[in-house]
Amino acid sequence: MKTTGKWKVSVQADRCQGHNRCYAIAPELFEVDELGNSKARGDGTVAVALEDKARLAVKNCPEHAIRLTQEP
Amino acid sequence: MSSKPPVKDWATDFDHTDPRWVNDPYPIWDQLRERCPMAHSERFEGGAYFPSRYAEVREISYDTEHFSSRRVIVREKKINPPMPSPPITSGPPEHRPARMPLLPAFNPKAIERLTPGTRELCNRLIDRFIADGRCDAATDYAQHIPTRVIAHMLGVDENDGDRFRTWIKMALEEGIHDVSRTVQAIGEMSAYFKAELARRGNANGEDLISFMRDLRQDGQPIPEDRLIGTLRLLLIAGIDTTWSAIGASLWHLATHDEDRRRLAAEPALMDTAVEELLRAYAPVTMAREVVKEVNIGGRQMKPGSMVLLSFPAANRDPSMFPDAGKVLLDRQENRHAAFGLGIHRCIGSNLARMELRVALEEWLKRIPEFRLEIPAAVKWSEGTVRGPRQMAVLFGR
């Protein structure tokens, strides 16, 4: 059974090198600081409509820095 | 061009300046990945390895303990002592303080501000040749875009492009065979930036040279040799690379009718298309020097050996990218390494991506149909950065 709105994205700061691929794909989910490093917007909760974009962000990060986790 | 004997076995005697590699490296890399994914060559001082798989390129990129960036170009003779251009030639812990101050100038917001001017520039270039029905896409179009944008950012004369490109060719291409060319280019670039600093005096300025001059770390200005090294890097890294990416992308579109027509008809495809063209035609190959004995991919590597760190080869590895040899403009999953991996991720990646995108968009709007005049006459650069340097195209079907 599909759960909705239960996914969260997060960026592992020690891995992010500022490629900004996630921000290009899903600016609704990620923001970029002055140095170009990315972090999840707000608490990282992914709206249902953005789940596909969140998955794409994960799969395009060259540094494997993005996590997509399901809330228990 | 080198007068060395031709390569007989790429696995044991590779030469990335051999004309076959320069003109079409992809079949060579495909073959090596199957047969000998850590190729070796004694043609370069210290010996050089060539990893052709994504896995080893990634492993080496992340390993700053065994691999130093103090030499980022594989040459026949090493330059001693190495000539630093921080942060690309730096390792931890000096790397971070050398890199951090540069980052804000290249973040997405800063690059967004440069986009309208770049669009106008592309159109001014197209205005010059569109009525001729033909142009050299490498020298009349692609080469001017990054040159003028980085000159603007540095606050130097945007008409000095020929000088910049001459220095870059000396440093990155001729310098592989003849170190004195690199040394000369570095000397001339250093003198150029010293004159730029002198010209500014203490006057306020918005450009990157003034910004670097005014930077204080622990209350101290950046020592002049480090400052000049960084300015040289910004000039070198910002020109040939993006020129090559734009040129190679146009080469692809000129030679693949279906992709060209699809991209001209579906501008929404541009997001994935730009990443895919960067993957398939990644221009930049870096180097590392082994500083501590290590085993990578079954090869015991000794200090002093060089590694030709080919992000382009990694990007063509089919175990990482399905259909790696094909350009799929709508490829959805694309963790390409065109801008490197790890701490040395290209500082200018947002700028390069913007320039490539805008250059293709403006070209395709006005020249949706074009083809190579004489395909075999396209001339590719050799060595560190790969892209077309002469590419005559005819407009129309």
# chains A, B, ... in the order shown; residues from 1 in each chain; ligands from 1
call {"tool": "residues_around", "arguments": {"residues": "region 46-54 of chain A", "least_positions_apart": "5", "cutoff": "9 Å", "atoms": "only C-alpha atoms", "output": "list of chain:residue names"}}
result
A:Thr4, A:Gly5, A:Lys6, A:Trp7, A:Lys8, A:Val9, A:Cys22, A:Ile25, A:Ala26, A:Glu28, A:Leu29, A:Lys59, A:Leu68
call {"tool": "select_by_dssp", "arguments": {"residues": "chain A", "states": "strand (DSSP E)", "output": "tab-separated table (two decimals) with all heavy atoms, in the first residue's frame"}}
result
chain	number	residue	atom	x	y	z
A	7	TRP	N	7.91	10.55	2.63
A	7	TRP	CA	9.33	10.51	2.29
A	7	TRP	C	10.02	11.80	2.72
A	7	TRP	O	9.42	12.87	2.67
A	7	TRP	CB	9.52	10.31	0.79
A	7	TRP	CG	9.05	8.98	0.31
A	7	TRP	CD1	7.81	8.67	-0.21
A	7	TRP	CD2	9.79	7.76	0.30
A	7	TRP	NE1	7.74	7.35	-0.54
A	7	TRP	CE2	8.94	6.75	-0.24
A	7	TRP	CE3	11.08	7.40	0.70
A	7	TRP	CZ2	9.36	5.43	-0.41
A	7	TRP	CZ3	11.49	6.09	0.54
A	7	TRP	CH2	10.64	5.11	0.00
A	8	LYS	N	11.27	11.61	3.09
A	8	LYS	CA	12.08	12.79	3.42
A	8	LYS	C	13.40	12.73	2.68
A	8	LYS	O	14.01	11.66	2.57
A	8	LYS	CB	12.39	12.79	4.93
A	8	LYS	CG	11.30	13.46	5.75
A	8	LYS	CD	11.79	13.75	7.16
A	8	LYS	CE	10.75	14.57	7.90
A	8	LYS	NZ	11.24	15.07	9.17
A	9	VAL	N	13.83	13.88	2.19
A	9	VAL	CA	15.17	13.93	1.60
A	9	VAL	C	16.12	14.61	2.58
A	9	VAL	O	15.71	15.47	3.37
A	9	VAL	CB	15.22	14.73	0.27
A	9	VAL	CG1	14.66	13.94	-0.87
A	9	VAL	CG2	14.57	16.08	0.40
A	10	SER	N	17.38	14.20	2.50
A	10	SER	CA	18.41	14.90	3.27
A	10	SER	C	19.71	14.86	2.48
A	10	SER	O	19.92	13.96	1.67
A	10	SER	CB	18.59	14.27	4.64
A	10	SER	OG	18.96	12.92	4.51
A	11	VAL	N	20.54	15.84	2.71
A	11	VAL	CA	21.84	15.90	2.03
A	11	VAL	C	22.92	15.69	3.08
A	11	VAL	O	22.94	16.35	4.12
A	11	VAL	CB	22.05	17.28	1.36
A	11	VAL	CG1	23.41	17.33	0.67
A	11	VAL	CG2	20.94	17.57	0.37
A	30	PHE	N	15.37	21.33	-2.58
A	30	PHE	CA	16.74	21.62	-2.15
A	30	PHE	C	17.04	23.10	-2.26
A	30	PHE	O	16.51	23.78	-3.13
A	30	PHE	CB	17.75	20.83	-2.99
A	30	PHE	CG	17.56	19.35	-2.92
A	30	PHE	CD1	16.78	18.71	-3.87
A	30	PHE	CD2	18.13	18.60	-1.89
A	30	PHE	CE1	16.57	17.33	-3.81
A	30	PHE	CE2	17.92	17.23	-1.82
A	30	PHE	CZ	17.14	16.59	-2.78
A	31	GLU	N	17.91	23.57	-1.37
A	31	GLU	CA	18.41	24.93	-1.51
A	31	GLU	C	19.93	24.91	-1.42
A	31	GLU	O	20.52	23.95	-0.93
A	31	GLU	CB	17.79	25.85	-0.45
A	31	GLU	CG	18.02	25.41	0.97
A	31	GLU	CD	17.18	26.22	1.95
A	31	GLU	OE1	16.62	27.24	1.53
A	31	GLU	OE2	17.09	25.82	3.12
A	32	VAL	N	20.52	25.99	-1.92
A	32	VAL	CA	21.97	26.03	-2.06
A	32	VAL	C	22.49	27.21	-1.27
A	32	VAL	O	21.94	28.31	-1.35
A	32	VAL	CB	22.33	26.16	-3.56
A	32	VAL	CG1	23.77	26.50	-3.75
A	32	VAL	CG2	21.98	24.88	-4.30
A	38	SER	N	24.52	22.10	-1.01
A	38	SER	CA	23.07	21.90	-0.99
A	38	SER	C	22.59	21.39	0.35
A	38	SER	O	23.33	20.70	1.07
A	38	SER	CB	22.74	20.88	-2.08
A	38	SER	OG	21.41	20.51	-2.00
A	39	LYS	N	21.36	21.76	0.69
A	39	LYS	CA	20.68	21.08	1.80
A	39	LYS	C	19.19	21.01	1.50
A	39	LYS	O	18.69	21.74	0.63
A	39	LYS	CB	20.96	21.78	3.12
A	39	LYS	CG	20.35	23.15	3.30
A	39	LYS	CD	20.73	23.64	4.71
A	39	LYS	CE	20.34	25.06	4.97
A	39	LYS	NZ	19.06	25.34	5.53
A	40	ALA	N	18.51	20.12	2.22
A	40	ALA	CA	17.08	19.97	2.01
A	40	ALA	C	16.36	21.21	2.52
A	40	ALA	O	16.74	21.80	3.53
A	40	ALA	CB	16.58	18.73	2.72
A	66	ILE	N	22.81	12.25	-1.34
A	66	ILE	CA	21.40	12.49	-0.99
A	66	ILE	C	20.73	11.20	-0.52
A	66	ILE	O	20.91	10.14	-1.11
A	66	ILE	CB	20.63	13.06	-2.21
A	66	ILE	CG1	21.30	14.35	-2.65
A	66	ILE	CG2	19.16	13.30	-1.85
A	66	ILE	CD1	20.74	14.91	-3.92
A	67	ARG	N	19.99	11.34	0.57
A	67	ARG	CA	19.25	10.20	1.11
A	67	ARG	C	17.77	10.47	0.98
A	67	ARG	O	17.30	11.57	1.23
A	67	ARG	CB	19.58	10.01	2.58
A	67	ARG	CG	20.89	9.30	2.81
A	67	ARG	CD	20.94	8.84	4.24
A	67	ARG	NE	22.22	8.19	4.50
A	67	ARG	CZ	22.90	8.33	5.61
A	67	ARG	NH1	22.43	9.10	6.58
A	67	ARG	NH2	24.03	7.70	5.78
A	68	LEU	N	17.05	9.43	0.65
A	68	LEU	CA	15.59	9.50	0.62
A	68	LEU	C	15.11	8.42	1.57
A	68	LEU	O	15.38	7.23	1.36
A	68	LEU	CB	15.11	9.23	-0.81
A	68	LEU	CG	13.62	9.38	-1.07
A	68	LEU	CD1	13.14	10.78	-0.81
A	68	LEU	CD2	13.31	8.98	-2.52
A	69	THR	N	14.47	8.82	2.64
A	69	THR	CA	14.09	7.84	3.66
A	69	THR	C	12.59	7.95	3.93
A	69	THR	O	12.00	9.00	3.77
A	69	THR	CB	14.84	8.08	4.99
A	69	THR	OG1	14.75	9.47	5.30
A	69	THR	CG2	16.30	7.70	4.86
A	70	GLN	N	12.05	6.84	4.36
A	70	GLN	CA	10.62	6.82	4.65
A	70	GLN	C	10.43	6.93	6.17
A	70	GLN	O	11.11	6.27	6.93
A	70	GLN	CB	10.01	5.51	4.15
A	70	GLN	CG	8.54	5.64	3.92
A	70	GLN	CD	8.00	4.44	3.15
A	70	GLN	OE1	8.66	3.44	3.00
A	70	GLN	NE2	6.78	4.57	2.68
call {"tool": "closest_residue", "arguments": {"among": "B:Met301, B:Ala110, B:Ile176, B:Leu364", "to": "chain A", "atoms": "only C-alpha atoms"}}
result
B:Ala110
call {"tool": "closest_atom_pairs", "arguments": {"of": "chain A", "to": "chain B", "cutoff": "10 Å", "atoms": "only C-alpha atoms", "output": "Markdown table"}}
result
| residue | atom | partner | partner_atom | distance |
| --- | --- | --- | --- | --- |
| A:Arg15 | CA | B:Gly342 | CA | 7.9 |
| A:Cys16 | CA | B:Gly342 | CA | 8.5 |
| A:Gln17 | CA | B:Ile343 | CA | 6.4 |
| A:Gly18 | CA | B:Arg345 | CA | 7.6 |
| A:His19 | CA | B:Ser349 | CA | 7.0 |
| A:Asn20 | CA | B:Asn350 | CA | 7.7 |
| A:Arg21 | CA | B:Arg335 | CA | 9.1 |
| A:Tyr23 | CA | B:Pro108 | CA | 9.1 |
| A:Ala24 | CA | B:Asp271 | CA | 8.5 |
| A:Ile25 | CA | B:Asp271 | CA | 8.4 |
| A:Val32 | CA | B:Pro108 | CA | 7.9 |
| A:Asp33 | CA | B:Asn107 | CA | 8.2 |
| A:Glu34 | CA | B:Pro104 | CA | 5.4 |
| A:Leu35 | CA | B:Leu103 | CA | 5.0 |
| A:Gly36 | CA | B:Asn107 | CA | 4.9 |
| A:Asn37 | CA | B:Asn107 | CA | 8.7 |
| A:Arg55 | CA | B:Glu333 | CA | 9.5 |
| A:Leu56 | CA | B:Glu333 | CA | 6.7 |
| A:Ala57 | CA | B:Glu333 | CA | 8.8 |
| A:Val58 | CA | B:Glu333 | CA | 9.1 |
| A:Lys59 | CA | B:Glu333 | CA | 5.6 |
| A:Asn60 | CA | B:Arg335 | CA | 4.5 |
| A:Cys61 | CA | B:Arg335 | CA | 5.7 |
| A:Pro62 | CA | B:Arg335 | CA | 4.6 |
| A:Glu63 | CA | B:Leu341 | CA | 6.8 |
| A:His64 | CA | B:Arg335 | CA | 8.7 |
call {"tool": "write_last_selection", "arguments": {"atoms": "N, CA, C and O atoms", "output": "mmCIF file, in the first residue's frame"}}
result
data_model
loop_
_atom_site.group_PDB
_atom_site.id
_atom_site.type_symbol
_atom_site.label_atom_id
_atom_site.label_comp_id
_atom_site.auth_asym_id
_atom_site.auth_seq_id
_atom_site.Cartn_x
_atom_site.Cartn_y
_atom_site.Cartn_z
ATOM 1 N N ARG A 15 29.464 14.801 2.266
ATOM 2 C CA ARG A 15 29.645 14.247 0.919
ATOM 3 C C ARG A 15 29.387 15.271 -0.181
ATOM 4 O O ARG A 15 29.938 15.162 -1.271
ATOM 5 N N CYS A 16 28.487 16.211 0.105
ATOM 6 C CA CYS A 16 28.106 17.184 -0.934
ATOM 7 C C CYS A 16 29.332 18.001 -1.343
ATOM 8 O O CYS A 16 30.055 18.533 -0.513
ATOM 9 N N GLN A 17 29.569 18.080 -2.661
ATOM 10 C CA GLN A 17 30.678 18.883 -3.169
ATOM 11 C C GLN A 17 30.171 20.059 -3.998
ATOM 12 O O GLN A 17 30.935 20.737 -4.682
ATOM 13 N N GLY A 18 28.872 20.271 -3.996
ATOM 14 C CA GLY A 18 28.347 21.448 -4.686
ATOM 15 C C GLY A 18 28.159 21.280 -6.177
ATOM 16 O O GLY A 18 28.252 22.257 -6.925
ATOM 17 N N HIS A 19 27.878 20.062 -6.637
ATOM 18 C CA HIS A 19 27.578 19.895 -8.068
ATOM 19 C C HIS A 19 26.260 20.589 -8.441
ATOM 20 O O HIS A 19 26.039 20.910 -9.599
ATOM 21 N N ASN A 20 25.367 20.719 -7.450
ATOM 22 C CA ASN A 20 24.076 21.407 -7.657
ATOM 23 C C ASN A 20 23.132 20.694 -8.614
ATOM 24 O O ASN A 20 22.217 21.286 -9.165
ATOM 25 N N ARG A 21 23.350 19.400 -8.798
ATOM 26 C CA ARG A 21 22.437 18.643 -9.659
ATOM 27 C C ARG A 21 21.054 18.527 -9.021
ATOM 28 O O ARG A 21 20.034 18.611 -9.705
ATOM 29 N N TYR A 23 19.614 20.561 -6.935
ATOM 30 C CA TYR A 23 18.965 21.870 -6.976
ATOM 31 C C TYR A 23 18.418 22.151 -8.380
ATOM 32 O O TYR A 23 17.348 22.716 -8.543
ATOM 33 N N ALA A 24 19.150 21.708 -9.391
ATOM 34 C CA ALA A 24 18.681 21.906 -10.769
ATOM 35 C C ALA A 24 17.441 21.059 -11.050
ATOM 36 O O ALA A 24 16.527 21.492 -11.738
ATOM 37 N N ILE A 25 17.434 19.853 -10.504
ATOM 38 C CA ILE A 25 16.311 18.938 -10.762
ATOM 39 C C ILE A 25 15.091 19.293 -9.914
ATOM 40 O O ILE A 25 13.963 19.280 -10.398
ATOM 41 N N VAL A 32 20.523 25.987 -1.922
ATOM 42 C CA VAL A 32 21.971 26.026 -2.062
ATOM 43 C C VAL A 32 22.491 27.215 -1.273
ATOM 44 O O VAL A 32 21.940 28.309 -1.353
ATOM 45 N N ASP A 33 23.548 26.991 -0.489
ATOM 46 C CA ASP A 33 24.082 28.104 0.298
ATOM 47 C C ASP A 33 25.076 28.926 -0.524
ATOM 48 O O ASP A 33 25.308 28.654 -1.701
ATOM 49 N N GLU A 34 25.644 29.936 0.119
ATOM 50 C CA GLU A 34 26.550 30.864 -0.541
ATOM 51 C C GLU A 34 27.719 30.134 -1.229
ATOM 52 O O GLU A 34 28.210 30.545 -2.276
ATOM 53 N N LEU A 35 28.167 29.035 -0.627
ATOM 54 C CA LEU A 35 29.306 28.297 -1.182
ATOM 55 C C LEU A 35 28.879 27.291 -2.254
ATOM 56 O O LEU A 35 29.708 26.586 -2.816
ATOM 57 N N GLY A 36 27.575 27.236 -2.489
ATOM 58 C CA GLY A 36 27.116 26.298 -3.511
ATOM 59 C C GLY A 36 26.806 24.915 -2.982
ATOM 60 O O GLY A 36 26.521 24.002 -3.754
ATOM 61 N N ASN A 37 26.851 24.736 -1.667
ATOM 62 C CA ASN A 37 26.513 23.427 -1.108
ATOM 63 C C ASN A 37 25.010 23.331 -0.883
ATOM 64 O O ASN A 37 24.346 24.317 -0.586
ATOM 65 N N ARG A 55 13.440 11.209 -6.205
ATOM 66 C CA ARG A 55 14.187 10.008 -6.619
ATOM 67 C C ARG A 55 15.231 10.354 -7.679
ATOM 68 O O ARG A 55 16.351 9.845 -7.659
ATOM 69 N N LEU A 56 14.843 11.222 -8.600
ATOM 70 C CA LEU A 56 15.799 11.625 -9.642
ATOM 71 C C LEU A 56 16.990 12.372 -9.037
ATOM 72 O O LEU A 56 18.130 12.188 -9.456
ATOM 73 N N ALA A 57 16.708 13.215 -8.056
ATOM 74 C CA ALA A 57 17.803 13.945 -7.408
ATOM 75 C C ALA A 57 18.793 12.962 -6.793
ATOM 76 O O ALA A 57 20.012 13.102 -6.939
ATOM 77 N N VAL A 58 18.254 11.934 -6.125
ATOM 78 C CA VAL A 58 19.122 10.917 -5.515
ATOM 79 C C VAL A 58 19.993 10.263 -6.592
ATOM 80 O O VAL A 58 21.205 10.105 -6.436
ATOM 81 N N LYS A 59 19.349 9.915 -7.705
ATOM 82 C CA LYS A 59 20.042 9.110 -8.715
ATOM 83 C C LYS A 59 20.935 9.924 -9.640
ATOM 84 O O LYS A 59 21.585 9.363 -10.518
ATOM 85 N N ASN A 60 20.938 11.224 -9.483
ATOM 86 C CA ASN A 60 21.827 12.050 -10.302
ATOM 87 C C ASN A 60 22.948 12.690 -9.506
ATOM 88 O O ASN A 60 23.786 13.388 -10.084
ATOM 89 N N CYS A 61 22.976 12.465 -8.205
ATOM 90 C CA CYS A 61 24.040 13.080 -7.414
ATOM 91 C C CYS A 61 25.352 12.334 -7.645
ATOM 92 O O CYS A 61 25.460 11.156 -7.314
ATOM 93 N N PRO A 62 26.354 13.003 -8.189
ATOM 94 C CA PRO A 62 27.614 12.315 -8.481
ATOM 95 C C PRO A 62 28.339 11.850 -7.214
ATOM 96 O O PRO A 62 29.164 10.953 -7.276
ATOM 97 N N GLU A 63 28.011 12.459 -6.084
ATOM 98 C CA GLU A 63 28.728 12.133 -4.842
ATOM 99 C C GLU A 63 27.931 11.191 -3.934
ATOM 100 O O GLU A 63 28.350 10.924 -2.812
ATOM 101 N N HIS A 64 26.786 10.726 -4.387
ATOM 102 C CA HIS A 64 25.919 9.868 -3.557
ATOM 103 C C HIS A 64 25.647 10.528 -2.206
ATOM 104 O O HIS A 64 25.728 9.891 -1.159
#
call {"tool": "atom_distance", "arguments": {"atom1": "CA of Ala313 (chain B)", "atom2": "CA of Ser85 (chain B)"}}
result
24.9 Å
call {"tool": "residues_around", "arguments": {"residues": "Gln31 (chain B)", "least_positions_apart": "5", "cutoff": "10 Å", "atoms": "only C-alpha atoms", "output": "ChimeraX atom specification"}}
result
/B:10-11,26,36-37,52
call {"tool": "write_last_selection", "arguments": {"atoms": "N, CA, C and O atoms", "output": "PDB file, in the first residue's frame"}}
result
ATOM      1  N   TRP B  10      47.850  -0.489 -26.570  1.00  0.00           N
ATOM      2  CA  TRP B  10      47.324   0.565 -25.699  1.00  0.00           C
ATOM      3  C   TRP B  10      47.433   0.184 -24.221  1.00  0.00           C
ATOM      4  O   TRP B  10      47.521   1.052 -23.357  1.00  0.00           O
ATOM      5  N   ALA B  11      47.428  -1.095 -23.924  1.00  0.00           N
ATOM      6  CA  ALA B  11      47.424  -1.531 -22.523  1.00  0.00           C
ATOM      7  C   ALA B  11      48.765  -1.304 -21.842  1.00  0.00           C
ATOM      8  O   ALA B  11      48.825  -1.034 -20.644  1.00  0.00           O
ATOM      9  N   TYR B  26      37.137   6.701 -28.028  1.00  0.00           N
ATOM     10  CA  TYR B  26      36.148   5.854 -27.362  1.00  0.00           C
ATOM     11  C   TYR B  26      36.336   4.356 -27.615  1.00  0.00           C
ATOM     12  O   TYR B  26      36.248   3.572 -26.674  1.00  0.00           O
ATOM     13  N   CYS B  36      42.197  -4.506 -20.075  1.00  0.00           N
ATOM     14  CA  CYS B  36      43.212  -4.038 -19.126  1.00  0.00           C
ATOM     15  C   CYS B  36      42.765  -2.694 -18.560  1.00  0.00           C
ATOM     16  O   CYS B  36      43.191  -1.636 -19.024  1.00  0.00           O
ATOM     17  N   PRO B  37      41.870  -2.748 -17.559  1.00  0.00           N
ATOM     18  CA  PRO B  37      41.255  -1.499 -17.091  1.00  0.00           C
ATOM     19  C   PRO B  37      42.207  -0.553 -16.359  1.00  0.00           C
ATOM     20  O   PRO B  37      41.819   0.571 -16.062  1.00  0.00           O
ATOM     21  N   SER B  52      40.380   3.100 -16.940  1.00  0.00           N
ATOM     22  CA  SER B  52      39.322   3.387 -17.918  1.00  0.00           C
ATOM     23  C   SER B  52      37.937   3.079 -17.370  1.00  0.00           C
ATOM     24  O   SER B  52      36.948   3.321 -18.041  1.00  0.00           O
TER      25      SER B  52
END
call {"tool": "residues_around", "arguments": {"residues": "Asp330 (chain B)", "least_positions_apart": "3", "cutoff": "8 Å", "atoms": "only C-alpha atoms", "output": "PyMOL selection string"}}
result
chain B and resi 269+272-273+276
call {"tool": "write_last_selection", "arguments": {"atoms": "C-alpha atoms", "output": "JSON list (two decimals), in the first residue's frame"}}
result
[["chain", "number", "residue", "atom", "x", "y", "z"],
["B", 269, "LEU", "CA", 14.61, 18.36, -23.33],
["B", 272, "THR", "CA", 18.71, 16.23, -19.54],
["B", 273, "ALA", "CA", 20.36, 16.87, -22.92],
["B", 276, "GLU", "CA", 24.01, 13.82, -21.34]]
call {"tool": "select_by_dssp", "arguments": {"residues": "region 253-285 of chain B", "states": "alpha helix (DSSP H)", "output": "PDB file with C-alpha atoms, in the first residue's frame"}}
result
ATOM      1  CA  LEU B 253      24.208  17.604 -33.183  1.00  0.00           C
ATOM      2  CA  ALA B 254      25.761  18.212 -36.613  1.00  0.00           C
ATOM      3  CA  THR B 255      26.375  14.497 -37.046  1.00  0.00           C
ATOM      4  CA  ASP B 257      20.120  14.318 -37.413  1.00  0.00           C
ATOM      5  CA  GLU B 258      17.568  12.762 -35.112  1.00  0.00           C
ATOM      6  CA  ASP B 259      19.029  14.277 -31.945  1.00  0.00           C
ATOM      7  CA  ARG B 260      19.432  17.688 -33.580  1.00  0.00           C
ATOM      8  CA  ARG B 261      15.844  17.807 -34.813  1.00  0.00           C
ATOM      9  CA  ARG B 262      14.474  16.507 -31.553  1.00  0.00           C
ATOM     10  CA  LEU B 263      16.360  19.035 -29.433  1.00  0.00           C
ATOM     11  CA  ALA B 264      15.394  21.918 -31.733  1.00  0.00           C
ATOM     12  CA  ALA B 265      11.740  20.845 -31.559  1.00  0.00           C
ATOM     13  CA  MET B 270      17.511  20.726 -22.696  1.00  0.00           C
ATOM     14  CA  ASP B 271      17.911  19.877 -18.971  1.00  0.00           C
ATOM     15  CA  THR B 272      18.708  16.231 -19.543  1.00  0.00           C
ATOM     16  CA  ALA B 273      20.356  16.873 -22.922  1.00  0.00           C
ATOM     17  CA  VAL B 274      22.993  19.173 -21.424  1.00  0.00           C
ATOM     18  CA  GLU B 275      23.887  16.598 -18.762  1.00  0.00           C
ATOM     19  CA  GLU B 276      24.006  13.817 -21.337  1.00  0.00           C
ATOM     20  CA  LEU B 277      26.244  15.784 -23.695  1.00  0.00           C
ATOM     21  CA  LEU B 278      28.491  16.583 -20.726  1.00  0.00           C
ATOM     22  CA  ARG B 279      28.640  12.878 -19.906  1.00  0.00           C
ATOM     23  CA  ALA B 280      29.316  11.653 -23.418  1.00  0.00           C
TER      24      ALA B 280
END
call {"tool": "residues_around", "arguments": {"residues": "Arg75 (chain B)", "least_positions_apart": "4", "cutoff": "9 Å", "atoms": "only C-alpha atoms", "output": "list in words"}}
result
Arg43, Phe44, Glu45, Ile79, Gly175, Ile176, His177, Asp178 and Val179 of chain B
call {"tool": "write_last_selection", "arguments": {"atoms": "all heavy atoms", "output": "short mmCIF file (atom, residue, chain, number, x, y, z; two decimals), in the first residue's frame"}}
result
data_model
loop_
_atom_site.label_atom_id
_atom_site.label_comp_id
_atom_site.auth_asym_id
_atom_site.auth_seq_id
_atom_site.Cartn_x
_atom_site.Cartn_y
_atom_site.Cartn_z
N ARG B 43 55.86 6.11 -21.48
CA ARG B 43 56.17 7.28 -22.31
C ARG B 43 56.26 8.57 -21.51
O ARG B 43 56.67 9.58 -22.04
CB ARG B 43 55.10 7.44 -23.40
CG ARG B 43 55.18 6.36 -24.47
CD ARG B 43 54.01 6.46 -25.44
NE ARG B 43 54.06 5.37 -26.38
CZ ARG B 43 54.34 5.51 -27.69
NH1 ARG B 43 54.55 6.69 -28.20
NH2 ARG B 43 54.39 4.46 -28.47
N PHE B 44 55.81 8.52 -20.28
CA PHE B 44 55.75 9.73 -19.46
C PHE B 44 56.60 9.53 -18.21
O PHE B 44 56.61 8.43 -17.64
CB PHE B 44 54.28 10.02 -19.10
CG PHE B 44 53.39 10.02 -20.32
CD1 PHE B 44 52.69 8.87 -20.70
CD2 PHE B 44 53.31 11.14 -21.12
CE1 PHE B 44 51.92 8.85 -21.84
CE2 PHE B 44 52.54 11.14 -22.28
CZ PHE B 44 51.84 9.99 -22.64
N GLU B 45 57.29 10.58 -17.81
CA GLU B 45 58.24 10.45 -16.70
C GLU B 45 57.55 9.91 -15.45
O GLU B 45 56.52 10.41 -15.04
CB GLU B 45 58.88 11.82 -16.38
CG GLU B 45 60.00 11.70 -15.36
CD GLU B 45 60.67 13.04 -15.04
OE1 GLU B 45 60.47 14.02 -15.79
OE2 GLU B 45 61.39 13.08 -14.03
N ILE B 79 57.59 18.83 -14.47
CA ILE B 79 58.11 20.16 -14.17
C ILE B 79 58.56 20.15 -12.72
O ILE B 79 57.78 19.82 -11.83
CB ILE B 79 57.04 21.24 -14.38
CG1 ILE B 79 56.59 21.27 -15.85
CG2 ILE B 79 57.57 22.61 -13.96
CD1 ILE B 79 55.51 22.31 -16.13
N GLY B 175 52.91 21.74 -24.04
CA GLY B 175 53.67 21.48 -22.82
C GLY B 175 53.73 20.02 -22.41
O GLY B 175 54.52 19.65 -21.55
N ILE B 176 52.88 19.18 -23.00
CA ILE B 176 52.97 17.75 -22.69
C ILE B 176 54.29 17.19 -23.21
O ILE B 176 54.93 16.37 -22.58
CB ILE B 176 51.77 16.98 -23.31
CG1 ILE B 176 50.47 17.40 -22.62
CG2 ILE B 176 51.98 15.47 -23.20
CD1 ILE B 176 49.22 16.79 -23.23
N HIS B 177 54.71 17.69 -24.39
CA HIS B 177 55.94 17.20 -25.01
C HIS B 177 57.14 18.06 -24.68
O HIS B 177 58.27 17.59 -24.69
CB HIS B 177 55.77 17.15 -26.54
CG HIS B 177 54.53 16.45 -26.98
ND1 HIS B 177 54.33 15.10 -26.76
CD2 HIS B 177 53.40 16.89 -27.60
CE1 HIS B 177 53.13 14.75 -27.23
NE2 HIS B 177 52.56 15.83 -27.74
N ASP B 178 56.89 19.34 -24.44
CA ASP B 178 58.00 20.28 -24.27
C ASP B 178 57.67 21.20 -23.09
O ASP B 178 56.94 22.18 -23.23
CB ASP B 178 58.15 21.10 -25.57
CG ASP B 178 59.27 22.14 -25.47
OD1 ASP B 178 59.89 22.25 -24.39
OD2 ASP B 178 59.51 22.83 -26.48
N VAL B 179 58.25 20.83 -21.95
CA VAL B 179 57.96 21.53 -20.71
C VAL B 179 58.23 23.03 -20.81
O VAL B 179 57.54 23.84 -20.19
CB VAL B 179 58.80 20.90 -19.57
CG1 VAL B 179 58.87 21.81 -18.38
CG2 VAL B 179 58.20 19.56 -19.17
#
call {"tool": "atom_distance", "arguments": {"atom1": "CA of Trp29 (chain B)", "atom2": "CA of Pro6 (chain B)"}}
result
17.0 Å
call {"tool": "closest_residue", "arguments": {"among": "B:Arg128, B:Asp63, B:Tyr281, B:Asp15", "to": "Arg316 (chain B)", "atoms": "only C-alpha atoms"}}
result
B:Tyr281
call {"tool": "residues_around", "arguments": {"residues": "Gly187 (chain B)", "least_positions_apart": "3", "cutoff": "12 Å", "atoms": "only C-alpha atoms", "output": "ChimeraX atom specification"}}
result
/B:83,167,170-171,180-184,190-194,225,228-229,232
call {"tool": "write_last_selection", "arguments": {"atoms": "C-alpha atoms", "output": "short mmCIF file (atom, residue, chain, number, x, y, z; two decimals), in the first residue's frame"}}
result
data_model
loop_
_atom_site.label_atom_id
_atom_site.label_comp_id
_atom_site.auth_asym_id
_atom_site.auth_seq_id
_atom_site.Cartn_x
_atom_site.Cartn_y
_atom_site.Cartn_z
CA MET B 83 54.08 25.06 -10.31
CA TRP B 167 48.86 30.47 -23.49
CA MET B 170 51.20 26.20 -24.84
CA ALA B 171 50.50 25.08 -21.28
CA SER B 180 59.57 24.83 -21.72
CA ARG B 181 56.33 25.81 -23.48
CA THR B 182 54.40 25.43 -20.24
CA VAL B 183 57.00 27.34 -18.27
CA GLN B 184 56.90 30.15 -20.85
CA SER B 190 51.95 35.68 -14.38
CA ALA B 191 53.32 38.88 -15.92
CA TYR B 192 49.88 39.63 -17.37
CA PHE B 193 48.17 39.32 -13.99
CA LYS B 194 50.91 41.27 -12.21
CA ASP B 225 52.54 33.86 -5.81
CA ILE B 228 48.76 34.82 -9.26
CA GLY B 229 48.58 31.02 -9.38
CA ARG B 232 46.12 31.72 -13.87
#
